[in-house]
>>> print(open('protein28.cif').read())   # mmCIF, C-alpha atoms
data_run
#
loop_
_atom_site.label_atom_id
_atom_site.label_comp_id
_atom_site.auth_asym_id
_atom_site.auth_seq_id
_atom_site.Cartn_x
_atom_site.Cartn_y
_atom_site.Cartn_z
CA MET A 1 -6.55 -18.75 7.37
CA ALA A 2 -7.09 -21.16 4.48
CA ARG A 3 -8.50 -19.98 1.14
CA GLN A 4 -9.41 -21.78 -2.05
CA ILE A 5 -10.70 -20.96 -5.52
CA VAL A 6 -12.49 -23.46 -7.78
CA ARG A 7 -11.76 -22.76 -11.43
CA PRO A 8 -14.28 -23.43 -14.24
CA ASP A 9 -12.39 -26.59 -15.27
CA GLY A 10 -12.69 -27.99 -11.75
CA VAL A 11 -9.11 -27.24 -10.72
CA VAL A 12 -8.90 -26.05 -7.11
CA LEU A 13 -6.31 -23.42 -6.19
CA ARG A 14 -5.46 -23.58 -2.51
CA GLY A 15 -3.92 -20.80 -0.48
CA GLU A 16 -3.90 -18.87 2.76
CA GLU A 17 -4.14 -15.34 4.12
CA ALA A 18 -2.69 -13.57 7.14
CA GLY A 19 -2.67 -10.08 8.61
CA ASP A 20 -4.74 -6.93 8.31
CA GLY A 21 -3.87 -3.99 6.10
CA PRO A 22 -3.18 -3.33 2.43
CA THR A 23 -3.34 -6.63 0.54
CA VAL A 24 -0.28 -8.17 -1.09
CA VAL A 25 -0.88 -11.15 -3.40
CA LEU A 26 2.23 -13.34 -3.55
CA LEU A 27 2.86 -15.58 -6.58
CA HIS A 28 5.71 -18.06 -6.22
CA ALA A 29 8.28 -19.17 -8.81
CA GLY A 30 7.99 -22.31 -10.91
CA GLY A 31 8.87 -25.42 -8.91
CA GLU A 32 8.12 -23.63 -5.63
CA ARG A 33 4.96 -23.55 -3.54
CA ARG A 34 3.25 -20.98 -1.36
CA ARG A 35 5.05 -21.99 1.81
CA VAL A 36 8.22 -20.38 0.40
CA TRP A 37 6.57 -17.06 1.28
CA SER A 38 6.03 -17.93 4.97
CA PRO A 39 9.03 -15.98 6.37
CA VAL A 40 8.26 -13.12 3.99
CA ILE A 41 4.66 -13.04 5.20
CA GLU A 42 5.78 -12.96 8.83
CA VAL A 43 7.75 -9.76 8.23
CA LEU A 44 5.07 -8.15 6.05
CA VAL A 45 2.27 -8.82 8.54
CA ALA A 46 4.34 -7.18 11.27
CA ALA A 47 4.85 -4.22 8.92
CA GLY A 48 1.10 -3.71 8.50
CA PHE A 49 0.18 -5.79 5.43
CA ARG A 50 -2.45 -8.40 4.72
CA CYS A 51 -0.84 -11.22 2.71
CA VAL A 52 -2.45 -13.75 0.37
CA ALA A 53 -0.48 -16.64 -1.15
CA TYR A 54 -1.70 -19.51 -3.33
CA ASP A 55 -0.05 -22.61 -4.72
CA GLN A 56 -0.11 -22.11 -8.47
CA ARG A 57 -1.75 -24.77 -10.63
CA GLY A 58 0.30 -27.96 -10.58
CA HIS A 59 2.28 -26.89 -7.50
CA GLY A 60 1.89 -27.79 -3.84
CA ASP A 61 -1.72 -28.36 -2.77
CA SER A 62 -3.35 -26.97 -5.91
CA ASP A 63 -4.67 -29.23 -8.64
CA GLY A 64 -4.00 -29.53 -12.33
CA ALA A 65 -1.02 -28.67 -14.47
CA ALA A 66 0.00 -25.34 -15.94
CA ARG A 67 0.47 -26.03 -19.64
CA SER A 68 0.33 -22.46 -20.95
CA LEU A 69 0.90 -18.92 -19.79
CA ALA A 70 -2.72 -18.11 -20.63
CA VAL A 71 -3.91 -20.66 -18.06
CA CYS A 72 -1.55 -19.23 -15.42
CA ALA A 73 -2.80 -15.71 -16.19
CA ALA A 74 -6.43 -16.79 -15.88
CA ASP A 75 -5.66 -18.27 -12.47
CA VAL A 76 -4.04 -15.01 -11.36
CA ALA A 77 -7.12 -13.12 -12.55
CA ALA A 78 -9.32 -15.47 -10.50
CA VAL A 79 -7.21 -14.90 -7.41
CA LEU A 80 -7.44 -11.12 -7.82
CA ALA A 81 -11.19 -11.26 -8.38
CA ALA A 82 -11.51 -12.82 -4.91
CA GLU A 83 -9.53 -10.00 -3.27
CA PRO A 84 -10.29 -6.33 -2.62
CA VAL A 85 -9.66 -3.84 -5.41
CA GLY A 86 -6.24 -2.23 -5.05
CA CYS A 87 -3.94 -5.18 -4.30
CA VAL A 88 -0.18 -5.13 -4.69
CA LEU A 89 0.69 -8.01 -7.01
CA VAL A 90 4.06 -9.67 -6.32
CA GLY A 91 5.35 -12.33 -8.68
CA ALA A 92 8.61 -14.27 -8.56
CA SER A 93 9.91 -15.70 -11.85
CA LEU A 94 6.95 -17.69 -13.29
CA GLY A 95 4.64 -15.83 -10.90
CA GLY A 96 5.85 -12.49 -12.21
CA LEU A 97 5.29 -13.40 -15.85
CA ALA A 98 1.85 -14.83 -15.04
CA ALA A 99 1.06 -11.54 -13.32
CA VAL A 100 2.12 -9.51 -16.35
CA ALA A 101 0.05 -11.72 -18.65
CA ALA A 102 -3.01 -11.32 -16.41
CA LEU A 103 -2.65 -7.53 -16.54
CA ALA A 104 -3.37 -7.55 -20.26
CA ASP A 105 -7.05 -7.56 -19.26
CA PRO A 106 -8.19 -4.01 -18.32
CA ALA A 107 -10.61 -5.44 -15.77
CA VAL A 108 -7.75 -7.19 -13.99
CA ARG A 109 -5.52 -4.14 -14.28
CA ALA A 110 -8.19 -2.03 -12.56
CA ARG A 111 -7.93 -4.27 -9.47
CA VAL A 112 -4.17 -3.82 -9.01
CA ALA A 113 -2.44 -0.93 -7.23
CA GLY A 114 1.05 -1.94 -8.31
CA LEU A 115 3.27 -4.73 -9.60
CA VAL A 116 6.44 -6.18 -8.08
CA LEU A 117 8.59 -8.46 -10.23
CA VAL A 118 11.01 -10.63 -8.28
CA ASP A 119 14.10 -11.36 -10.40
CA VAL A 120 12.19 -11.55 -13.66
CA VAL A 121 11.38 -9.21 -16.53
CA PRO A 122 9.38 -9.82 -19.72
CA GLY A 123 11.19 -10.80 -22.87
CA LEU A 124 14.27 -12.54 -21.46
CA ASP A 125 16.69 -14.04 -23.96
CA PRO A 126 15.37 -17.57 -24.65
CA ASP A 127 18.78 -19.23 -24.95
CA ARG A 128 19.94 -17.72 -21.66
CA VAL A 129 16.74 -18.87 -19.92
CA ARG A 130 17.08 -22.40 -21.29
CA ALA A 131 20.70 -22.54 -20.16
CA PHE A 132 19.74 -21.37 -16.67
CA LEU A 133 16.88 -23.84 -16.37
CA GLY A 134 19.13 -26.61 -17.64
CA ARG A 135 21.11 -26.17 -14.42
CA THR A 136 17.92 -26.17 -12.29
CA PRO A 137 16.77 -29.57 -10.98
CA GLY A 138 13.17 -30.38 -11.86
CA ALA A 139 12.78 -27.59 -14.41
CA GLU A 140 12.25 -30.13 -17.20
CA ARG A 141 8.80 -30.93 -15.75
CA HIS A 142 7.62 -27.51 -16.89
CA SER A 143 9.41 -27.39 -20.25
CA GLY A 144 6.20 -27.01 -22.23
CA LEU A 145 5.14 -24.02 -20.16
CA THR A 146 8.63 -22.56 -20.42
CA GLU A 147 8.58 -22.69 -24.21
CA ASP A 148 5.11 -21.12 -24.31
CA ILE A 149 6.33 -18.25 -22.13
CA LEU A 150 9.47 -17.71 -24.19
CA ALA A 151 7.35 -17.52 -27.34
CA ARG A 152 5.33 -14.71 -25.78
CA GLY A 153 8.20 -12.37 -24.94
CA ALA A 154 7.08 -9.61 -27.31
CA GLU A 155 3.53 -9.77 -25.98
CA LEU A 156 4.71 -9.54 -22.37
CA ARG A 157 6.92 -6.57 -23.20
CA ARG A 158 3.99 -4.81 -24.84
CA ILE A 159 1.79 -5.37 -21.79
CA THR A 160 4.49 -4.10 -19.44
CA GLY A 161 4.99 -0.99 -21.53
CA SER A 162 1.29 -0.19 -21.24
CA LEU A 163 1.16 -0.29 -17.43
CA ASP A 164 0.84 3.02 -15.62
CA CYS A 165 0.74 1.56 -12.10
CA PRO A 166 3.85 1.54 -9.88
CA ILE A 167 6.35 -1.18 -10.84
CA LEU A 168 9.19 -2.44 -8.67
CA LEU A 169 11.84 -4.92 -9.79
CA VAL A 170 13.59 -6.74 -6.97
CA ARG A 171 16.70 -8.19 -8.55
CA ALA A 172 19.04 -10.88 -7.27
CA GLY A 173 22.62 -9.81 -6.76
CA GLY A 174 23.98 -12.74 -8.77
CA GLY A 175 23.31 -16.20 -10.07
CA GLY A 176 19.99 -15.46 -11.75
CA PRO A 177 19.06 -15.25 -15.42
CA LEU A 178 18.85 -11.44 -15.47
CA VAL A 179 21.64 -9.24 -16.81
CA ASP A 180 22.01 -5.47 -16.75
CA GLU A 181 20.62 -5.16 -20.28
CA ASP A 182 17.38 -6.81 -19.13
CA VAL A 183 16.96 -4.26 -16.36
CA ALA A 184 17.65 -1.42 -18.78
CA ASP A 185 15.04 -2.87 -21.13
CA LEU A 186 12.44 -2.91 -18.34
CA THR A 187 13.08 0.69 -17.36
CA GLY A 188 12.97 1.62 -21.03
CA LEU A 189 9.56 -0.01 -21.38
CA ALA A 190 8.30 1.47 -18.10
CA PRO A 191 10.33 4.56 -17.17
CA HIS A 192 8.48 4.86 -13.88
CA ALA A 193 9.71 1.44 -12.73
CA THR A 194 12.19 1.33 -9.85
CA VAL A 195 14.83 -1.31 -9.13
CA THR A 196 16.10 -2.74 -5.85
CA VAL A 197 19.05 -5.14 -5.77
CA ILE A 198 19.46 -7.73 -3.01
CA PRO A 199 23.12 -8.76 -2.98
CA ASP A 200 24.46 -12.19 -2.09
CA THR A 201 21.42 -14.06 -3.34
CA GLY A 202 20.45 -16.14 -6.34
CA HIS A 203 17.31 -16.25 -8.45
CA LEU A 204 15.02 -17.69 -5.74
CA ILE A 205 15.17 -14.66 -3.47
CA ALA A 206 12.13 -15.67 -1.39
CA ARG A 207 13.93 -18.88 -0.43
CA GLU A 208 17.45 -17.48 0.03
CA GLN A 209 16.85 -14.00 1.48
CA PRO A 210 13.21 -13.83 2.64
CA VAL A 211 13.67 -11.11 5.26
CA ARG A 212 15.54 -8.81 2.91
CA LEU A 213 12.94 -9.43 0.23
CA ALA A 214 10.16 -8.58 2.66
CA GLU A 215 11.98 -5.40 3.66
CA ALA A 216 12.20 -4.43 0.00
CA LEU A 217 8.45 -5.01 -0.38
CA THR A 218 7.52 -2.70 2.51
CA VAL A 219 7.93 0.31 0.19
CA THR A 220 4.62 -0.75 -1.38
CA LEU A 221 2.64 -0.20 1.85
CA ASP A 222 0.96 2.98 0.61
CA TRP A 223 0.40 1.89 -3.01
CA PRO A 224 -3.24 0.80 -2.40
CA ALA A 225 -4.01 4.04 -0.53
CA ARG A 226 -2.53 6.15 -3.30
CA ALA A 227 -4.43 4.17 -5.93
CA LEU A 228 -7.65 4.77 -4.00
CA LEU A 229 -6.99 8.51 -3.74
CA THR A 230 -6.42 8.62 -7.49
CA ASP A 231 -9.60 6.66 -8.15
CA LEU A 232 -11.55 9.02 -5.87
CA ASP A 233 -10.15 11.99 -7.82
CA ALA A 234 -8.56 13.64 -4.78
CA ARG A 235 -6.49 15.78 -7.14
CA ARG A 236 -9.58 17.68 -8.22
CA LEU A 237 -10.04 19.34 -4.82
CA ASP A 238 -8.13 22.51 -4.01
CA HIS A 239 -6.34 22.79 -0.71
CA PRO A 240 -3.80 25.23 0.73
CA GLY A 241 -0.48 24.42 -0.88
CA GLY A 242 -2.02 22.89 -4.01
CA THR A 243 -4.51 20.02 -4.15
CA LEU A 244 -6.00 17.83 -1.46
CA VAL A 245 -3.86 14.86 -2.48
CA GLU A 246 -0.71 16.99 -2.20
CA HIS A 247 -1.75 18.01 1.31
CA LEU A 248 -2.43 14.39 2.27
CA VAL A 249 0.99 13.31 0.99
CA ARG A 250 2.73 16.10 2.92
CA VAL A 251 0.95 15.15 6.15
CA GLY A 252 2.01 11.57 5.55
CA GLN A 253 5.60 12.71 5.20
CA VAL A 254 5.43 14.52 8.54
CA VAL A 255 4.60 11.22 10.29
CA ALA A 256 6.86 9.05 8.10
CA ASP A 257 8.62 7.60 11.15
CA GLY A 258 5.36 6.55 12.80
CA SER A 259 3.57 3.22 12.90
CA PRO A 260 2.04 1.75 9.72
CA ARG A 261 -1.41 2.62 11.06
CA LEU A 262 -0.46 6.25 11.58
CA ARG A 263 1.29 6.62 8.21
CA LEU A 264 -1.64 5.17 6.28
CA ALA A 265 -4.21 7.14 8.26
CA ALA A 266 -2.29 10.36 7.61
CA LEU A 267 -2.35 9.71 3.88
CA CYS A 268 -6.14 9.23 3.95
CA HIS A 269 -7.16 11.39 6.91
CA ALA A 270 -9.69 13.48 4.95
CA ALA A 271 -11.40 10.52 3.28
CA TYR A 272 -14.67 11.20 5.11
CA GLY A 273 -14.18 14.94 5.24
CA THR A 274 -13.47 16.71 8.54
CA ASP A 275 -15.03 19.35 10.74
CA GLY A 276 -12.90 21.86 8.85
CA PHE A 277 -13.08 20.37 5.34
CA ALA A 278 -16.58 19.44 4.17
CA HIS A 279 -15.55 17.55 1.04
CA PRO A 280 -15.66 13.79 1.75
CA LEU A 281 -14.08 11.49 -0.81
CA LEU A 282 -16.07 8.50 0.43
CA PRO A 283 -19.56 8.27 1.94
CA LEU A 284 -19.74 6.61 5.33
CA ASP A 285 -21.55 3.61 3.90
CA ARG A 286 -18.39 2.79 1.91
CA ARG A 287 -15.99 2.49 4.83
CA ASP A 288 -15.20 -1.04 3.66
CA ARG A 289 -13.41 0.41 0.65
CA LEU A 290 -10.99 2.38 2.81
CA ARG A 291 -10.52 -0.60 5.15
CA ALA A 292 -9.41 -2.67 2.16
CA ALA A 293 -6.83 -0.04 1.18
CA ILE A 294 -5.30 0.70 4.58
CA GLY A 295 -6.56 -1.92 7.05
CA THR A 296 -9.15 -1.92 9.83
CA ASP A 297 -7.04 -0.18 12.47
CA ALA A 298 -5.88 2.67 10.23
CA GLU A 299 -9.41 3.19 8.89
CA ARG A 300 -10.71 3.47 12.45
CA LEU A 301 -8.23 6.29 13.09
CA VAL A 302 -9.29 8.04 9.86
CA TYR A 303 -12.92 7.82 10.92
CA LEU A 304 -12.13 9.13 14.40
CA TYR A 305 -10.23 12.09 12.99
CA GLY A 306 -12.86 12.90 10.36
CA ALA A 307 -15.77 12.49 12.76
CA CYS A 308 -14.26 14.67 15.48
CA ASP A 309 -16.56 17.53 16.52
CA ARG A 310 -13.81 20.05 17.13
CA ALA A 311 -15.73 22.59 19.22
CA ALA A 312 -16.98 19.92 21.62
CA THR A 313 -13.69 17.98 21.72
CA TYR A 314 -11.27 20.93 21.94
CA ALA A 315 -13.20 22.36 24.88
CA ARG A 316 -12.06 19.32 26.91
CA MET A 317 -8.53 19.05 25.57
CA ASP A 318 -6.99 18.93 29.06
CA GLU A 319 -8.80 15.69 29.97
CA VAL A 320 -7.27 12.21 29.81
CA PRO A 321 -8.84 10.07 28.47
CA LEU A 322 -9.77 12.66 25.88
CA PRO A 323 -13.52 12.56 25.09
CA VAL A 324 -13.75 12.86 21.31
CA ALA A 325 -17.26 13.85 20.22
CA ASP A 326 -18.53 12.28 16.97
CA ARG A 327 -20.12 14.92 14.73
CA PHE A 328 -21.88 12.19 12.72
CA THR A 329 -23.51 10.23 15.54
CA GLY A 330 -23.21 12.36 18.67
CA ALA A 331 -21.38 9.52 20.44
CA VAL A 332 -18.27 10.15 22.53
CA THR A 333 -15.11 8.02 22.33
CA ALA A 334 -12.67 8.17 25.23
CA LEU A 335 -9.10 8.14 23.90
CA ALA A 336 -6.00 7.18 25.87
CA GLY A 337 -2.66 5.47 25.30
CA ALA A 338 -1.60 4.75 21.72
CA ASP A 339 -4.97 5.82 20.29
CA LEU A 340 -4.68 9.25 21.88
CA ALA A 341 -1.05 9.57 20.82
CA ASP A 342 -1.89 8.76 17.20
CA PHE A 343 -4.91 11.06 17.17
CA ALA A 344 -2.80 13.88 18.61
CA THR A 345 0.06 13.22 16.18
CA LEU A 346 -2.28 13.22 13.20
CA THR A 347 -3.88 16.46 14.38
CA VAL A 348 -0.56 18.22 14.88
CA ALA A 349 0.80 16.99 11.53
CA ASN A 350 -2.28 18.30 9.73
CA GLU A 351 -2.24 21.67 11.49
CA LEU A 352 1.48 22.11 10.84
CA ASP A 353 1.01 21.60 7.11
CA VAL A 354 -1.89 24.05 7.05
CA ALA A 355 0.19 26.64 8.92
CA ARG A 356 3.04 26.17 6.45
CA THR A 357 0.96 26.43 3.29
CA ALA A 358 -2.15 28.53 3.97
CA SER A 359 -2.63 32.27 4.14
CA LEU A 360 -4.00 32.57 7.68
CA GLU A 361 -5.16 35.40 9.88
CA PRO A 362 -3.03 35.95 13.02
CA GLY A 363 -5.89 34.74 15.18
CA THR A 364 -6.15 31.46 13.29
CA ARG A 365 -2.40 30.92 13.52
CA ARG A 366 -2.67 31.59 17.24
CA GLN A 367 -5.37 28.94 17.55
CA ILE A 368 -3.17 26.39 15.80
CA ARG A 369 -0.24 27.12 18.08
CA GLU A 370 -2.33 26.73 21.21
CA LEU A 371 -3.94 23.55 19.91
CA VAL A 372 -0.49 22.08 19.31
CA THR A 373 0.56 23.16 22.79
CA ALA A 374 -2.47 21.42 24.30
CA LEU A 375 -1.65 18.21 22.43
CA ALA A 376 2.08 18.32 23.21
CA PRO A 377 1.90 15.89 26.17
CA HIS A 378 0.63 13.19 23.81
CA CYS A 379 3.13 13.72 20.95
CA PRO A 380 5.98 15.73 22.49
CA ALA A 381 8.58 15.32 19.71
CA LEU A 382 6.32 16.39 16.86
CA ALA A 383 4.74 19.16 18.93
CA ALA A 384 8.19 20.57 19.71
CA THR A 385 9.05 20.52 16.01
CA ALA A 386 5.79 22.25 15.12
CA LEU A 387 6.11 24.93 17.79
CA ALA A 388 9.65 25.71 16.63
CA ASP A 389 8.57 25.97 12.99
CA PRO A 390 8.55 29.54 11.61
CA ALA A 391 4.90 29.06 10.65
CA LEU A 392 3.97 28.84 14.33
CA SER A 393 6.93 30.10 16.35
CA ASP A 394 5.86 33.74 16.07
CA ALA A 395 2.16 33.14 16.59
CA PRO A 396 0.74 34.88 19.70
CA ASN A 397 -0.92 32.94 22.51
CA GLY A 398 -4.61 32.87 23.36
CA PHE A 399 -6.20 29.56 22.31
CA ASP A 400 -10.00 29.81 22.31
CA ARG A 401 -10.63 26.13 21.38
CA ALA A 402 -12.88 26.97 18.42
CA PRO A 403 -12.76 25.05 15.13
CA THR A 404 -10.71 26.90 12.56
CA GLY A 405 -12.08 25.77 9.19
CA ARG A 406 -9.21 23.48 8.16
CA THR A 407 -8.76 19.82 7.34
#
>>> encode(input="protein28.cif", output="structure tokens")
Amino acid sequence: MARQIVRPDGVVLRGEEAGDGPTVVLLHAGGERRRVWSPVIEVLVAAGFRCVAYDQRGHGDSDGAARSLAVCAADVAAVLAAEPVGCVLVGASLGGLAAVAALADPAVRARVAGLVLVDVVPGLDPDRVRAFLGRTPGAERHSGLTEDILARGAELRRITGSLDCPILLVRAGGGGPLVDEDVADLTGLAPHATVTVIPDTGHLIAREQPVRLAEALTVTLDWPARALLTDLDARRLDHPGGTLVEHLVRVGQVVADGSPRLRLAALCHAAYGTDGFAHPLLPLDRRDRLRAAIGTDAERLVYLYGACDRAATYARMDEVPLPVADRFTGAVTALAGADLADFATLTVANELDVARTASLEPGTRRQIRELVTALAPHCPALAATALADPALSDAPNGFDRAPTGRT
């Protein structure tokens, strides 16, 4: 789907979007255009992302000319302002430095869940950059912008050092302007930054190794969800085994091999509260905020899990489709197929973590075991793991299908 942004000076930035899920904003390198991301986008959309890519000013279909880093940064800020809060910002070369410059503004920084730099770091050695660009056809067209960027190395380093969001550097295996000392400088500025190396590729990784670049970017899938949980102060709520956010992360780890929808739903499954945990992080009139962080399909699963009236639903656990009663509206949703499998998997993963971390009465532990047994036909592998776990393996039988006061 086409997108465009009209800047105050009349310049039009043209782009496109694809997919549904956490949003990734992709900023191309100097001399490239947004279509370089097309094979990357194809992989990311299949992995559960929503992707947005624009031609930067003076490139491709966008107007104008980028004469300074400040102008590039203002364009990045405009792009982010048109997207949901909590985007992952990915910038290759020029795009990465424009992203860093934009993040100097606290208002822009508040809209970003994390930053990915593709074969670029702030404060590169000017002589080495000039030598590299001297071997790059067409680079002379952007020489003024290049010199402006090189003059701002100290400023870009300062901005990077102030970032507390996740940072990932995807580095080319050879042929680019980066050296090991540059990577060490980045991790010195931002000790929480991580580095992934893609071998057998040069500086323009999106062009030379798009699939491997996309695979490296999939680690950012949960960054928007985690940023949202932090913003909603999920760490303030106690939960067996620590805090609510720690519980959510553990449940997400239990289903780490599942679909993107299931993994993201697990991480946010208590966003609206549950029949056993009456502490919603979001009111139901703000469902759009969770959709932006995890996508429409995953949010629907979170709602279904949080809305489940356990007494009414568990009393009919042997039925397929499973009639899930909505405690908010009184409606009933008939679940079958993948929806039932994901609902069952999420339920078992949650109950297993509670059994492992909470101090429970024998009767409550018995209820969990029998609930897992009832759901086993829909998620046999996880149910088998749960029933063999010491937290449940010694629990007596006798499931009475009553809610048990847990998330």
>>> closest_residue(input="protein28.cif", among="A:Leu322, A:Val254, A:Val40, A:Ala104", to="A:Leu213", atoms="all atoms listed in the file")
A:Val40
>>> resolve_selection(input="protein28.cif", expression="the PyMOL selection byres ((chain A and resi 82-89) around 8)", output="PyMOL selection string")
chain A and resi 22-27+78-81+90-91+99+110-116+220+223-224+227-228+292-293
>>> atom_distance(input="protein28.cif", atom1="atom CA of A:Asp63", atom2="atom CA of A:Val129")
26.3 Å
>>> residues_around(input="protein28.cif", residues="stretch 229-236 of chain A", least_positions_apart="4", cutoff="6 Å", atoms="all atoms listed in the file", output="PyMOL selection string")
chain A and resi 243-245
>>> residues_around(input="protein28.cif", residues="A:Glu16", least_positions_apart="4", cutoff="9 Å", atoms="all atoms listed in the file", output="list in words")
Met1, Ala2, Arg3, Gln4, Arg34, Cys51, Val52, Ala53 and Tyr54 of chain A
>>> axis_aligned_box(input="protein28.cif", around="stretch 191-203 of chain A", padding_each_side="4 Å", output="lines of an AutoDock Vina configuration file")
center_x = 16.5
center_y = -5.7
center_z = -9.6
size_x = 24.0
size_y = 29.1
size_z = 23.1
>>> decode(input="protein28.cif", residues="stretch 120-137 of chain A", atoms="N, CA and C atoms", output="JSON list (two decimals), in the first residue's frame")
[["chain", "number", "residue", "atom", "x", "y", "z"],
["A", 120, "VAL", "N", 26.75, 0.53, 10.00],
["A", 120, "VAL", "CA", 27.14, 1.91, 10.25],
["A", 120, "VAL", "C", 27.12, 2.16, 11.75],
["A", 121, "VAL", "N", 28.04, 2.99, 12.22],
["A", 121, "VAL", "CA", 28.05, 3.45, 13.60],
["A", 121, "VAL", "C", 28.37, 4.93, 13.58],
["A", 122, "PRO", "N", 28.00, 5.67, 14.62],
["A", 122, "PRO", "CA", 28.32, 7.10, 14.65],
["A", 122, "PRO", "C", 29.81, 7.34, 14.87],
["A", 123, "GLY", "N", 30.30, 8.40, 14.28],
["A", 123, "GLY", "CA", 31.68, 8.80, 14.54],
["A", 123, "GLY", "C", 32.74, 8.01, 13.80],
["A", 124, "LEU", "N", 32.42, 7.54, 12.58],
["A", 124, "LEU", "CA", 33.43, 6.84, 11.79],
["A", 124, "LEU", "C", 34.59, 7.77, 11.42],
["A", 125, "ASP", "N", 35.75, 7.19, 11.21],
["A", 125, "ASP", "CA", 36.92, 7.96, 10.83],
["A", 125, "ASP", "C", 36.67, 8.64, 9.48],
["A", 126, "PRO", "N", 36.74, 9.97, 9.42],
["A", 126, "PRO", "CA", 36.42, 10.68, 8.17],
["A", 126, "PRO", "C", 37.28, 10.26, 6.99],
["A", 127, "ASP", "N", 38.57, 10.09, 7.18],
["A", 127, "ASP", "CA", 39.44, 9.73, 6.06],
["A", 127, "ASP", "C", 39.07, 8.35, 5.51],
["A", 128, "ARG", "N", 38.74, 7.42, 6.42],
["A", 128, "ARG", "CA", 38.38, 6.09, 5.97],
["A", 128, "ARG", "C", 37.05, 6.12, 5.20],
["A", 129, "VAL", "N", 36.11, 6.94, 5.66],
["A", 129, "VAL", "CA", 34.83, 7.06, 4.96],
["A", 129, "VAL", "C", 35.04, 7.67, 3.58],
["A", 130, "ARG", "N", 35.83, 8.72, 3.51],
["A", 130, "ARG", "CA", 36.07, 9.35, 2.20],
["A", 130, "ARG", "C", 36.73, 8.39, 1.23],
["A", 131, "ALA", "N", 37.67, 7.60, 1.74],
["A", 131, "ALA", "CA", 38.34, 6.62, 0.88],
["A", 131, "ALA", "C", 37.36, 5.57, 0.38],
["A", 132, "PHE", "N", 36.48, 5.13, 1.26],
["A", 132, "PHE", "CA", 35.47, 4.13, 0.86],
["A", 132, "PHE", "C", 34.53, 4.72, -0.19],
["A", 133, "LEU", "N", 34.02, 5.92, 0.07],
["A", 133, "LEU", "CA", 33.09, 6.52, -0.87],
["A", 133, "LEU", "C", 33.77, 6.87, -2.19],
["A", 134, "GLY", "N", 35.06, 7.12, -2.15],
["A", 134, "GLY", "CA", 35.79, 7.38, -3.39],
["A", 134, "GLY", "C", 35.79, 6.20, -4.33],
["A", 135, "ARG", "N", 35.56, 5.00, -3.77],
["A", 135, "ARG", "CA", 35.49, 3.79, -4.60],
["A", 135, "ARG", "C", 34.04, 3.43, -4.93],
["A", 136, "THR", "N", 33.08, 4.29, -4.52],
["A", 136, "THR", "CA", 31.66, 3.99, -4.70],
["A", 136, "THR", "C", 31.09, 4.88, -5.80],
["A", 137, "PRO", "N", 30.67, 4.30, -6.92],
["A", 137, "PRO", "CA", 30.12, 5.12, -8.01],
["A", 137, "PRO", "C", 28.92, 5.93, -7.56]]
